[in-house]
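Asker: I'd like to ask some things about the structure below.
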Amino acid sequence: MLDMTTKDIKERSGITINPCKTCEPVGAMFCALGVHKCMPHSHGSQGCSSYHRTVLTRHFKEPAIATSSSFTEGASVFGGRSNLNTAVKNIFDMYDPDIIAVHTTCLSETIGDDVGSYILDMEIPEGKYVIHASTPSYEGSHIQGFSNMMMGFINYLSKQTGTKTGITALFPGWVNPGDCRELKAIAKAMEVPVTMFPDFDNTMDSPMTGHFEYYGAGGTPIPEIGRLGDASSVIALGKFASGESFDLMQKKFHISGASLPMPVGIALTDRYIMALRKISKKEVPSGLEAERGRLVDLLMDATSYTYKKTVAIFGDPDIVYSLTSLCLEMGMIPRYVVTGTPKSEFETLTRELIDSYNLEETCEVKADTDLFWLHQKIKNDEVDLLLGSSYGKYIAKAEDIPFVRAGFPVLDRYGATIQSVCGYKGGVYLAEKIIDALLSRYDRDVADEDFECVL
Amino acid sequence: MTAMLRMRISSAFFNGTHLRLLTCLSLAVVLLPPYLLFGGNSARTRSTERERGHRMTERTSILTERIQSIQVCTGTGKGVSCEKESVSGSVSQRACVYCGARVVLNPITDAYHIVHGPIGCASYTWDIRGSLSSGSELYRNSFSTDLREKDIIFGGEKKLWAAIQELMVKETPTPKLIFVYATCIVGVIGDDVTAVCKKAEDTYEIRVIPVFSPGFSGTKSTGYKIACDALTRLMLPYREQPKQFGVNILGDYNLAGEMWIIRNYLRRIGVPVIATITGDARFETLIQAPSATLNIVQCAGSSTYLANRMEAEFGVPYIKVSFFGVEDTTASICRIADALGISAIRTKAEEFVREETERVIPILRKYRPRLEGKRAAIFVGGGFKAISLMRQFRELGIQTVVVGTQTGKKDEYEILAQLADPETVILDDANPAELEQFMIEKKADILVGGVKERPLAYKLGIAFCDHNHERKHALGGFDGIENFVKEINLSINNPVWRYLDKE
């Protein structure tokens, strides 16, 4: 497996091998699936929509429903206006969503389709909405696409009346449904009423009922997105997925709040809870304090098995940053921290985080790179653990490294999307997986005479 | 009320025809526009449904443009309209031209598959199908030029050339064969991919084959054709070679090792295999393909075109085969023997088929009582596979109530119609709404399909068998029959269904 990976690392300018990112439109599609009764629509070739749906289905093990403009040769020469008009009509007729969220593709962007003006000229049924976001596949990554679609919703739908709702806008970023539930539960425990946007709870993990619903019971309701302009404050989690929407809320509606990393582990969850506390001015309930205590306790108990263990972390910038924080809290050395998303800010922020721990060991942080590079690095200097999406399994197998799956996409395991990695509970879940992976490896490799029942 | 209304309307609509009542009802749902079905009460019906918390069973989920692509098999219809582009706004289960080309060429194990375009097209097709390799694992990596905005503005040729250079100079093993896939955008920005490939061929003395597969330039079938053209282009320089006795296997992608099973069968009846196209294929064997005596075509949808081209270019005749189910596997092996015209092979083939049938019949017999009387829905890529599956279900006493394909051909739909029962629904390029509607209406117990259909089936409480890229057990040949029946049984008789409160 991956025999071709050489130790010798050379600068590459043309070829990307084994990417650690995908394109913008899938992020837009995913974001739109977190809005109640929303149909994501891909304005491009048939394959785009099909691929995005496939990868989302493979990750969530749920139907990911979306439509396509189904571009033909004609459309790519004369423009996709008529395709979009037909599509919108057909979608409302047949799938009856409350809103259609159109995103563009490399094709429709390059031929110069002005989707915004098409929508203005369109006949939209009473009480229904069509919005759009520009998501050219040749810019950024799927994380940028997610961010662009969030801003698309806010720009089209959110209004400011001047009467504050007393509600906090909570942007969870690119997370799993389980994370959404945990983040809302923490906000509730802190007595902060929130509108979570987007919200994947009960959309991408619908319970089994024997019925298939196009639109899950969950998802942020459109009226609530409409009222975001009157929100009292905003908490944006995940700098790269939610940061721009946070800025937009400040700029457009003058709503302030906190833009924080995804709350994974102790310190980052603390920051989330402190931000909530600043809003509610309430004490942290004893339940949450106990959860925190248990996580600290667990990390202490297992320290001797995690301390100074080296780890390579890869995936999307927000989750990678936060996983790095948790690993540092566990006493581990984040030897390589990698994202494919082309954002140099990722390097600055992660570097700062690592530096704050004053490690003696060197750690390499790199954005806009691929898994081939990471594999080459690991070939030169091995790590004890690999932490990231399913695409790490090739490296894990080739180099025989314990591997914990986290982030997007996880295509080869079940159940993780229902769980949370956020909050103290999520910290316990992740820490347990990491400790288990390390100890399973220890048990596998240890000599018979050293093999023990108690560890 | 609504049901009665529907019946009345449908009777009026089909006045004078001899369609049976049930067929009328389904056709009414299919053919009538919503306002006729719901009268003026459409909105009210819907909101009451919603208040009751029920799904909208009365929802009309068929677009008018799609009606021609659906047939309730009465034997009197005009046949299914197929081989068309998908309707804009439909949740089609189809992919694109690039996808078609990629799935056909991807299993060539020792080739570099460079996707020239923005990163997505490479990301989504990284190790997409379980095509197994007995040699190189190169094809399981993902290579892309990862085009950025400046490349879109100034052109991507330089980057493509750099990409090839970097693979040639800096990485091992040095490739003998590179495919360069031109995706949507490359066609639009006007990169001269052919020129870059030519330059690479000249510089490095290897084969660098452009695959022009912009997603918008047709359907997935178009992509198959483009891939077949690329393969022909690869073989053309090797046309002048002495003929040798043996066959090429076309259109088997070695999913879960199925090609190896077939290859082994052929070995047992004394037929050498020269090239496998493209499951477990490698450059050295592919270029010997023109020397074969016969082509056997397994996935007709993707490879008939190649078989025709090889017949025209190299004089290799072909026969279509299918190795799904006892009936088709037996017939196929005998037909290969006949086509080769050697009586010793025919004798061996008969003997082999008899032995294997005797081996699997008890297995089918064991499971049949658990499956008999169940109702199946089929939604697969090509028509030929759908035909085989229908036969296979018949062997198990399972009735096929819904059958559809993404890219079936006219003649295949005709065969499907002949095999079908009077009430079977036949669909071309179905979308989830239609699949859902017909699976519920026809009370399907199991769906056979691909990744996008799996969660749909499960959500409906319907069993599922993956007969596409994600199958983990070989489903082809006599060996596959056992796996297939076990998978069907496992899913239909899954203990978890008892916890599902199905009405």
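Ordering of the structure tokens sets the chain letters (A, B, ...); residue numbers start at 1 within each chain; ligands are numbered from 1 in the order shown.
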Skipping near chain neighbours, those fewer than 5 positions away, what residues fall within 10 Å of range 439-446 of chain B using only C-alpha atoms, listed as an MDAnalysis selection string?
Answerer: (chainID A and resid 211) or (chainID B and resid 26 57 371 373:378 398:403 423:425 433:434 457:458 460:465 488:489 491:492)
Asker: Using only C-alpha atoms, determine which residues lie at most 10 Å from Pro125 in chain A, disregarding the query and same-chain residues fewer than 6 positions distant; provide the list as a list in words.
Answerer: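 Final neighbour list, sorted by chain and number: Lys89, Phe92, Asp93 and Asp98 of chain A.
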Asker: Using only C-alpha atoms, I'd like every residue of chain B that has an atom within 6 Å of chain A; please write them out as a count of residues only.
Answerer: 33
Asker: Enter the distance from CA of Ile128 in chain B to CA of Ala101 in chain A, in Å, rounded to one decimal.
Answerer: 27.7 Å
Asker: For the atom pair CA of Tyr204 in chain B and CA of Phe283 in chain B, what is the interatomic distance in Å to one decimal place?
Answerer: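 Computing the Euclidean distance for CA of Tyr204 in chain B and CA of Phe283 in chain B yields 15.9 Å.
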Asker: Leaving out Ser440 in chain A and any residue of its chain fewer than 3 positions from it, which residues lie within 12 Å of it when counting only C-alpha atoms, given as a PyMOL selection string?
Answerer: chain A and resi 305+385+401-404+432-437+443-446+451+455
Asker: As an exercise, work out the distance from CA of Phe393 in chain B to CA of Leu490 in chain B in Å and give it to one decimal place.
Answerer: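 Between CA of Phe393 in chain B and CA of Leu490 in chain B the gap works out to 15.1 Å.
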Asker: Need the shell around Asp179 in chain A: protein/DNA/RNA residues with any atom at most 12 Å away, counting only C-alpha atoms. Skip same-chain ones fewer than 5 positions apart. Format as a PDB file with N, CA and C atoms, in the first residue's frame?
Answerer:
ATOM      1  N   PHE A 171     -23.147  29.717  15.844  1.00  0.00           N
ATOM      2  CA  PHE A 171     -22.674  29.074  14.621  1.00  0.00           C
ATOM      3  C   PHE A 171     -21.741  27.923  14.991  1.00  0.00           C
ATOM      4  N   PRO A 172     -22.146  26.692  14.715  1.00  0.00           N
ATOM      5  CA  PRO A 172     -21.329  25.561  15.174  1.00  0.00           C
ATOM      6  C   PRO A 172     -20.148  25.248  14.257  1.00  0.00           C
ATOM      7  N   GLY A 173     -20.191  25.748  13.015  1.00  0.00           N
ATOM      8  CA  GLY A 173     -19.138  25.386  12.064  1.00  0.00           C
ATOM      9  C   GLY A 173     -19.388  24.012  11.457  1.00  0.00           C
ATOM     10  N   TRP A 174     -18.352  23.471  10.840  1.00  0.00           N
ATOM     11  CA  TRP A 174     -18.490  22.168  10.165  1.00  0.00           C
ATOM     12  C   TRP A 174     -18.383  21.061  11.211  1.00  0.00           C
ATOM     13  N   LYS A 184     -25.722  22.642  21.840  1.00  0.00           N
ATOM     14  CA  LYS A 184     -26.996  23.219  22.280  1.00  0.00           C
ATOM     15  C   LYS A 184     -27.273  22.880  23.745  1.00  0.00           C
ATOM     16  N   ALA A 185     -26.914  21.642  24.107  1.00  0.00           N
ATOM     17  CA  ALA A 185     -27.150  21.218  25.492  1.00  0.00           C
ATOM     18  C   ALA A 185     -26.337  22.083  26.465  1.00  0.00           C
ATOM     19  N   ILE A 186     -25.106  22.392  26.090  1.00  0.00           N
ATOM     20  CA  ILE A 186     -24.272  23.228  26.960  1.00  0.00           C
ATOM     21  C   ILE A 186     -24.874  24.640  27.068  1.00  0.00           C
ATOM     22  N   MET A 196     -29.235  27.959  16.655  1.00  0.00           N
ATOM     23  CA  MET A 196     -28.061  27.359  16.049  1.00  0.00           C
ATOM     24  C   MET A 196     -28.228  27.378  14.535  1.00  0.00           C
ATOM     25  N   PRO A 198     -25.765  26.670  10.888  1.00  0.00           N
ATOM     26  CA  PRO A 198     -26.793  25.666  10.558  1.00  0.00           C
ATOM     27  C   PRO A 198     -26.872  24.623  11.656  1.00  0.00           C
ATOM     28  N   ASP A 199     -27.898  23.788  11.610  1.00  0.00           N
ATOM     29  CA  ASP A 199     -28.116  22.823  12.683  1.00  0.00           C
ATOM     30  C   ASP A 199     -28.350  21.437  12.071  1.00  0.00           C
ATOM     31  N   PHE A 200     -27.432  20.533  12.309  1.00  0.00           N
ATOM     32  CA  PHE A 200     -27.516  19.207  11.676  1.00  0.00           C
ATOM     33  C   PHE A 200     -28.171  18.159  12.566  1.00  0.00           C
ATOM     34  N   ASP A 201     -28.494  18.584  13.786  1.00  0.00           N
ATOM     35  CA  ASP A 201     -29.186  17.698  14.716  1.00  0.00           C
ATOM     36  C   ASP A 201     -30.524  17.317  14.095  1.00  0.00           C
ATOM     37  N   ASN A 202     -30.741  16.026  13.940  1.00  0.00           N
ATOM     38  CA  ASN A 202     -32.010  15.545  13.393  1.00  0.00           C
ATOM     39  C   ASN A 202     -32.202  15.833  11.906  1.00  0.00           C
ATOM     40  N   MET A 204     -29.065  15.221   9.580  1.00  0.00           N
ATOM     41  CA  MET A 204     -28.128  14.250   9.027  1.00  0.00           C
ATOM     42  C   MET A 204     -27.961  13.044   9.941  1.00  0.00           C
ATOM     43  N   ASP A 205     -28.857  12.890  10.914  1.00  0.00           N
ATOM     44  CA  ASP A 205     -28.871  11.657  11.709  1.00  0.00           C
ATOM     45  C   ASP A 205     -30.303  11.352  12.133  1.00  0.00           C
ATOM     46  N   LEU A 237     -18.239  29.352  16.272  1.00  0.00           N
ATOM     47  CA  LEU A 237     -17.256  28.323  16.603  1.00  0.00           C
ATOM     48  C   LEU A 237     -16.580  27.849  15.318  1.00  0.00           C
ATOM     49  N   MET A 262     -13.395  25.611  17.587  1.00  0.00           N
ATOM     50  CA  MET A 262     -14.298  24.508  17.958  1.00  0.00           C
ATOM     51  C   MET A 262     -13.966  24.045  19.359  1.00  0.00           C
ATOM     52  N   PRO A 263     -14.958  23.974  20.244  1.00  0.00           N
ATOM     53  CA  PRO A 263     -14.669  23.652  21.647  1.00  0.00           C
ATOM     54  C   PRO A 263     -14.388  22.168  21.882  1.00  0.00           C
ATOM     55  N   VAL A 264     -13.169  21.765  21.597  1.00  0.00           N
ATOM     56  CA  VAL A 264     -12.753  20.382  21.843  1.00  0.00           C
ATOM     57  C   VAL A 264     -11.701  20.397  22.960  1.00  0.00           C
ATOM     58  N   ILE A 319     -11.223  21.670  12.897  1.00  0.00           N
ATOM     59  CA  ILE A 319     -11.141  20.472  13.741  1.00  0.00           C
ATOM     60  C   ILE A 319      -9.684  20.141  14.047  1.00  0.00           C
ATOM     61  N   GLY A 407     -13.105  14.032  12.288  1.00  0.00           N
ATOM     62  CA  GLY A 407     -13.235  15.032  11.225  1.00  0.00           C
ATOM     63  C   GLY A 407     -14.047  14.511  10.053  1.00  0.00           C
ATOM     64  N   ALA A 416     -19.931   7.490  14.543  1.00  0.00           N
ATOM     65  CA  ALA A 416     -19.250   8.672  15.076  1.00  0.00           C
ATOM     66  C   ALA A 416     -20.055   9.951  14.890  1.00  0.00           C
ATOM     67  N   THR A 417     -20.858  10.025  13.830  1.00  0.00           N
ATOM     68  CA  THR A 417     -21.567  11.285  13.582  1.00  0.00           C
ATOM     69  C   THR A 417     -22.661  11.531  14.618  1.00  0.00           C
ATOM     70  N   ILE A 418     -23.062  10.461  15.302  1.00  0.00           N
ATOM     71  CA  ILE A 418     -24.094  10.612  16.338  1.00  0.00           C
ATOM     72  C   ILE A 418     -23.451  11.119  17.627  1.00  0.00           C
ATOM     73  N   GLN A 419     -22.152  10.860  17.786  1.00  0.00           N
ATOM     74  CA  GLN A 419     -21.424  11.272  18.983  1.00  0.00           C
ATOM     75  C   GLN A 419     -20.951  12.714  18.839  1.00  0.00           C
ATOM     76  N   SER A 420     -20.500  13.266  19.964  1.00  0.00           N
ATOM     77  CA  SER A 420     -19.935  14.606  19.933  1.00  0.00           C
ATOM     78  C   SER A 420     -18.457  14.545  20.306  1.00  0.00           C
ATOM     79  N   VAL A 421     -17.667  15.340  19.589  1.00  0.00           N
ATOM     80  CA  VAL A 421     -16.286  15.532  20.031  1.00  0.00           C
ATOM     81  C   VAL A 421     -16.167  16.862  20.771  1.00  0.00           C
ATOM     82  N   CYS A 422     -17.245  17.645  20.735  1.00  0.00           N
ATOM     83  CA  CYS A 422     -17.238  18.958  21.384  1.00  0.00           C
ATOM     84  C   CYS A 422     -17.655  18.840  22.855  1.00  0.00           C
ATOM     85  N   GLY A 423     -17.289  19.847  23.608  1.00  0.00           N
ATOM     86  CA  GLY A 423     -17.661  19.876  25.018  1.00  0.00           C
ATOM     87  C   GLY A 423     -16.802  18.906  25.815  1.00  0.00           C
ATOM     88  N   TYR A 424     -16.989  18.927  27.162  1.00  0.00           N
ATOM     89  CA  TYR A 424     -16.193  18.029  28.008  1.00  0.00           C
ATOM     90  C   TYR A 424     -16.519  16.575  27.713  1.00  0.00           C
ATOM     91  N   LYS A 425     -17.809  16.317  27.445  1.00  0.00           N
ATOM     92  CA  LYS A 425     -18.203  14.941  27.120  1.00  0.00           C
ATOM     93  C   LYS A 425     -17.505  14.470  25.856  1.00  0.00           C
ATOM     94  N   GLY A 426     -17.455  15.364  24.868  1.00  0.00           N
ATOM     95  CA  GLY A 426     -16.764  15.027  23.624  1.00  0.00           C
ATOM     96  C   GLY A 426     -15.289  14.768  23.867  1.00  0.00           C
ATOM     97  N   GLY A 427     -14.726  15.523  24.810  1.00  0.00           N
ATOM     98  CA  GLY A 427     -13.323  15.336  25.168  1.00  0.00           C
ATOM     99  C   GLY A 427     -13.094  13.938  25.727  1.00  0.00           C
ATOM    100  N   TYR A 429     -14.945  11.315  25.126  1.00  0.00           N
ATOM    101  CA  TYR A 429     -15.135  10.363  24.017  1.00  0.00           C
ATOM    102  C   TYR A 429     -13.863  10.258  23.174  1.00  0.00           C
TER     103      TYR A 429
END
Asker: Can you check which residues of range 366-442 of chain A DSSP gives as strand (DSSP E) on the backbone and send them as JSON, numbers by chain?
Answerer: {"A": [366, 385, 386, 387, 388, 403, 404, 405]}
Asker: Can you pull out every residue within 10 Å of range 351-360 of chain A, counting only C-alpha atoms, but drop anything in the same chain fewer than 3 positions away, and send it as a CSV table (one decimal) with C-alpha atoms, in the first residue's frame?
Answerer:
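Wrote out36.csv, looks like this:
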chain,number,residue,atom,x,y,z
A,308,LYS,CA,5.2,12.7,24.9
A,321,TYR,CA,-6.7,23.1,15.4
A,322,SER,CA,-9.0,21.9,18.2
A,324,THR,CA,-4.2,19.7,18.4
A,325,SER,CA,-5.3,21.6,21.5
A,328,LEU,CA,-1.4,19.0,23.8
A,329,GLU,CA,-3.6,18.8,26.9
A,331,GLY,CA,0.8,15.7,27.0
A,332,MET,CA,1.2,14.6,23.4
A,333,ILE,CA,3.5,16.1,20.8
A,334,PRO,CA,1.7,17.2,17.7
A,337,VAL,CA,-0.3,19.3,11.9
A,345,GLU,CA,-3.8,31.9,9.0
A,346,PHE,CA,-4.1,28.2,10.0
A,347,GLU,CA,-0.4,28.0,10.4
A,348,THR,CA,-0.1,31.2,12.4
A,363,CYS,CA,6.4,20.5,15.5
A,364,GLU,CA,5.6,21.2,11.9
A,365,VAL,CA,2.4,23.0,10.9
A,366,LYS,CA,1.4,23.3,7.3
